[in-house]
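K.L.:
My questions all concern the structure below.
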Amino acid sequence: MMNGAAGTIGRGGADHALRAPRTRVPWVDIAVASLVLAALGWGWATRRDEGLDPHGWPGYLFGIAGTLMMLFAVGFSWRKRAAQGRATVAWWYNAHILLGLFGPVAVLIHARFAWGSINSSLALGAMGLVVASGLIARYVLGAARRRGSRWVEAWHYCHAPLCMVLVMAVIVHIYMAHAY
């Protein structure tokens, strides 16, 4: 490793400060949005299907899969602290975005797009707030950060606590679903 005025030479020997900034490829965002909308459309069309009852195995598995995807999305924060060198930040960020979109879709299919009991409604509402804050960060705050605005760093102090509320709400939901 070498730190100098020209930049930082890292593991790959690349001068990180001299690299051209990556630009977002709009067709990737469009493709992901199309997949999310298609999954939401399928879930909406099959929401009354008895085979996808949240208390039966197929519906239950959608809930488990969605919950696991959202837990793995938390890996992005973990990676920044503990998993140095296992994958690039860009890889973890993209995984965080994809899991943070498709996990909630699976949970919505599990919930049949309906508010249920108080604990499941709390979990569903917290999930919606986390997804909304993530989308705001991706499309609104990202542009502000590229323009040099520093106030956007405060967003992290909103998104991270919302994630913790979501985790606690999911734990309560799972406990209550099995206890009663």
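Residues in the structure tokens are named by chain (A, B, ... in the order shown) and by number from 1 within that chain; ligands are numbered from 1 in the order shown.
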With only C-alpha atoms as the counted atoms, please give the residues lying no more than 8 Å from Met69 in chain A, apart from itself and same-chain residues fewer than 3 positions off, as a list in words.

P.N.:
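Selected residues are Ala65, Gly66, Phe72, Ala73, Leu99, Gly100, Phe102 and Gly103 of chain A.
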
K.L.:
How close does range 101-122 of chain A get to range 128-152 of chain A? List, as a Markdown table, each residue of range 101-122 of chain A within 10 Å, its nearest atom pair and the distance in Å to one decimal, counting only C-alpha atoms.

P.N.:
```
| residue | atom | partner | partner_atom | distance |
| --- | --- | --- | --- | --- |
| A:Leu101 | CA | A:Val131 | CA | 7.2 |
| A:Gly103 | CA | A:Val131 | CA | 10.0 |
| A:Pro104 | CA | A:Val131 | CA | 7.8 |
| A:Leu108 | CA | A:Gly128 | CA | 9.9 |
| A:Leu122 | CA | A:Gly128 | CA | 9.8 |
```

K.L.:
So the first atom is CA of His110 in chain A and the second is CA of Val32 in chain A; what is the distance between them in Å, to one decimal place?

P.N.:
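CA of Val32 in chain A lies 20.6 Å from CA of His110 in chain A.
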